[in-house]
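K.L.:
Before anything else, here's the structure in question.
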Amino acid sequence: MPRPKLPVRRSRPSGRPAFGFRVSALGFLPALSLLLCSPLLASSSGVRLRDLVVIAGARDNQLVGYGLVVGLAGDGDKDPIYTQQTVANLLQRYGLSVPATTLSSKNVGAVLVTADIPAFSKPGTRLDVQVSSMGDAKSLQGGVLLQTPLLGADNRVYAVAQGPLAVGGFSAGNAGASVTKNHPTVGTIINGALVELEIPATIVQDNTVELLLREPGFTTAALLADAVNHTFTNSAQAIDSTSVRVRMPPGAKDHPVEFIAQLEALEVTPDTPARIIINERTGTIVATATIRISHCAVSQGNLTITVANTLTPSQPNPLSNTGKTVLAPSTDTKAMEGKAGIVSLPELPTVEKVASALNALGVTPRDMMAIFQTMKQAGALQAELIIR
């Protein structure tokens, strides 16, 4: 029976130009960059639904397992309590009964193996795995993971991992001098796990498909439902800020994959919240294009306090009995405060004006963070401020 072809009409809303500005200054942090992100370029049509949503039921699952990495050339676990017992249990599987206390573990490391198994993964498909040392092994470089069952939350084995590790770091040297780059105790095995059991997943319930937004928002959910209804009339309904329920039209019930593919190909321009994120650890500020700053005045000045400790030699008197030179400490403290000027900022409705005003102030990274926080407290910053 030929499959029915469902009509697809794609809406192409126009976007707004994107602007990017970078403000760098020397200060207490290495550098602070301000990135102003605006919606889509005017030539683009929007964002595909597959990049905005996930299908309810088509979710990944996490797997974990405990295993051994061998061949570590003396870099294995130095604390052999559970490592020796694990090796003894392994040998017992092959008919060798060896006391755990008589084994050496300097070439062996106990590890935890983790992986994510996507929905609909069939037996025989391969997964990438991450291997992390759980003991005191110095490095996993050059090691080989022995066959390790990977269990789900229900303690069932869904995959089996094995193979040589790829470690993106190294450690070399001895107790006197050593050098370490990245994390040599964490490695990966590309396609190192074989799926043994498929995890059942249901994506269609009561002839409906539920779309879950990656970034929840009531406006975006309403726009998404409107885009779907524009193609499949009266089929979508926004349930809340996260989910949109879509009823499958007649003729698509027997072909859910084709219907979902057409849904994912639809395009919509999502609503971008007014948000400023400040990361003090990396010195980065990211602001969306929808931020607004009301009319306000900003005073920016710097206070510098310098404390200098010096040692002044004091020579003994010619007739002194001590005959020793003494170093007398002295402290010099200075305080310098830069001239503070009040800069009037008019209402700034666009991202380029916001960036130009901040550039004109010539502030340091710490001052820029303080200005944003004070603007928010004064009610002049019309955006969500997130400090990480």
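Following the order of the structure tokens, first chain is A, next is B, and so on, with residues numbered from 1 inside each chain and ligands from 1 in the order they appear.
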Quick one: pick out all strand (DSSP E or B) residues within stretch 39-257 of chain A from a backbone DSSP run and write them as a ChimeraX atom specification.

P.N.:
/A:47-48,53-55,61-70,108-117,126-133,144-151,157-164,166,170-173,178-181,186-195,205,208-213,236-238,243-247

K.L.:
If DSSP is run on the backbone, what residues of stretch 91-231 of chain A are alpha helix (DSSP H)? A reply as number ranges by chain would be ideal.

P.N.:
A: 91-93, 218-231

K.L.:
One number please: atom CA of A:Tyr82 to atom CA of A:Lys106, in Å, one decimal.

P.N.:
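Value for the atom CA of A:Tyr82-atom CA of A:Lys106 distance: 12.9 Å.
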
K.L.:
So that I can check the surroundings of A:Thr86, please list as a PyMOL selection string every protein, DNA and RNA residue that reaches within 12 Å of it, counting only C-alpha atoms and ignoring chain neighbours fewer than 6 positions away.

P.N.:
chain A and resi 66-69+80+92-93+98-101+103-105+108-111+146

K.L.:
Excluding same-chain residues fewer than 3 positions from A:Ala137, what lies within 12 Å of it counting only C-alpha atoms, as number ranges by chain?

P.N.:
A: 68-80, 83, 105-111, 132-134, 140-141, 143, 171, 183-186

K.L.:
Hey, can you spit out that residue selection with C-alpha atoms as a compact mmCIF listing (two decimals), in the first residue's frame?

P.N.:
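Listing of selection-v3.txt after writing:
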```
# COMPACT_ATOMS: atom_id res chain seq x y z
CA LEU A 68 39.45 -3.04 35.31
CA VAL A 69 42.02 -1.33 33.09
CA VAL A 70 45.19 -3.39 32.63
CA GLY A 71 48.60 -2.71 31.10
CA LEU A 72 49.34 0.53 32.96
CA ALA A 73 53.13 -0.06 33.22
CA GLY A 74 53.45 0.66 36.91
CA ASP A 75 50.95 3.52 37.00
CA GLY A 76 48.12 1.44 38.47
CA ASP A 77 46.43 1.60 41.86
CA LYS A 78 48.79 1.84 44.80
CA ASP A 79 46.01 1.11 47.29
CA PRO A 80 45.26 -2.51 46.31
CA THR A 83 41.69 -3.79 43.07
CA SER A 105 48.02 -4.36 41.20
CA LYS A 106 50.64 -1.86 40.03
CA ASN A 107 49.68 -2.48 36.37
CA VAL A 108 45.91 -2.57 37.05
CA GLY A 109 43.43 0.21 37.81
CA ALA A 110 39.85 -0.01 39.02
CA VAL A 111 37.60 2.23 36.94
CA SER A 132 37.39 7.20 34.94
CA SER A 133 39.81 5.96 37.57
CA MET A 134 38.22 5.43 40.98
CA LEU A 140 45.39 5.34 32.40
CA GLN A 141 47.65 6.01 29.41
CA GLY A 143 45.61 0.84 29.28
CA SER A 171 51.84 12.52 33.42
CA HIS A 183 43.53 14.62 33.13
CA PRO A 184 45.45 11.38 32.51
CA THR A 185 43.11 9.43 34.79
CA VAL A 186 40.11 9.87 32.45
```

K.L.:
Give me the residues within 8 Å of A:Arg50 as a PyMOL selection string, counting only C-alpha atoms and dropping any in the same chain fewer than 6 places off.

P.N.:
chain A and resi 263-265

K.L.:
Keeping only C-alpha atoms, take the residues you just selected and write them out as an mmCIF file, in the first residue's frame.

P.N.:
```cif
data_model
loop_
_atom_site.group_PDB
_atom_site.id
_atom_site.type_symbol
_atom_site.label_atom_id
_atom_site.label_comp_id
_atom_site.auth_asym_id
_atom_site.auth_seq_id
_atom_site.Cartn_x
_atom_site.Cartn_y
_atom_site.Cartn_z
ATOM 1 C CA LEU A 263 7.112 18.296 12.197
ATOM 2 C CA GLU A 264 10.865 18.595 12.772
ATOM 3 C CA ALA A 265 11.306 20.300 9.393
#
```

K.L.:
Under the rule that only C-alpha atoms are counted, which of A:Leu211, A:Leu150, A:Ala222, A:Ile81 is the nearest residue to A:Asp116?

P.N.:
A:Leu150

K.L.:
So which residues touch A:Arg245 within 6 Å, counting only C-alpha atoms, skipping near sequence neighbours fewer than 4 positions away, as a VMD selection string?

P.N.:
chain A and resid 209 to 210 236 to 237
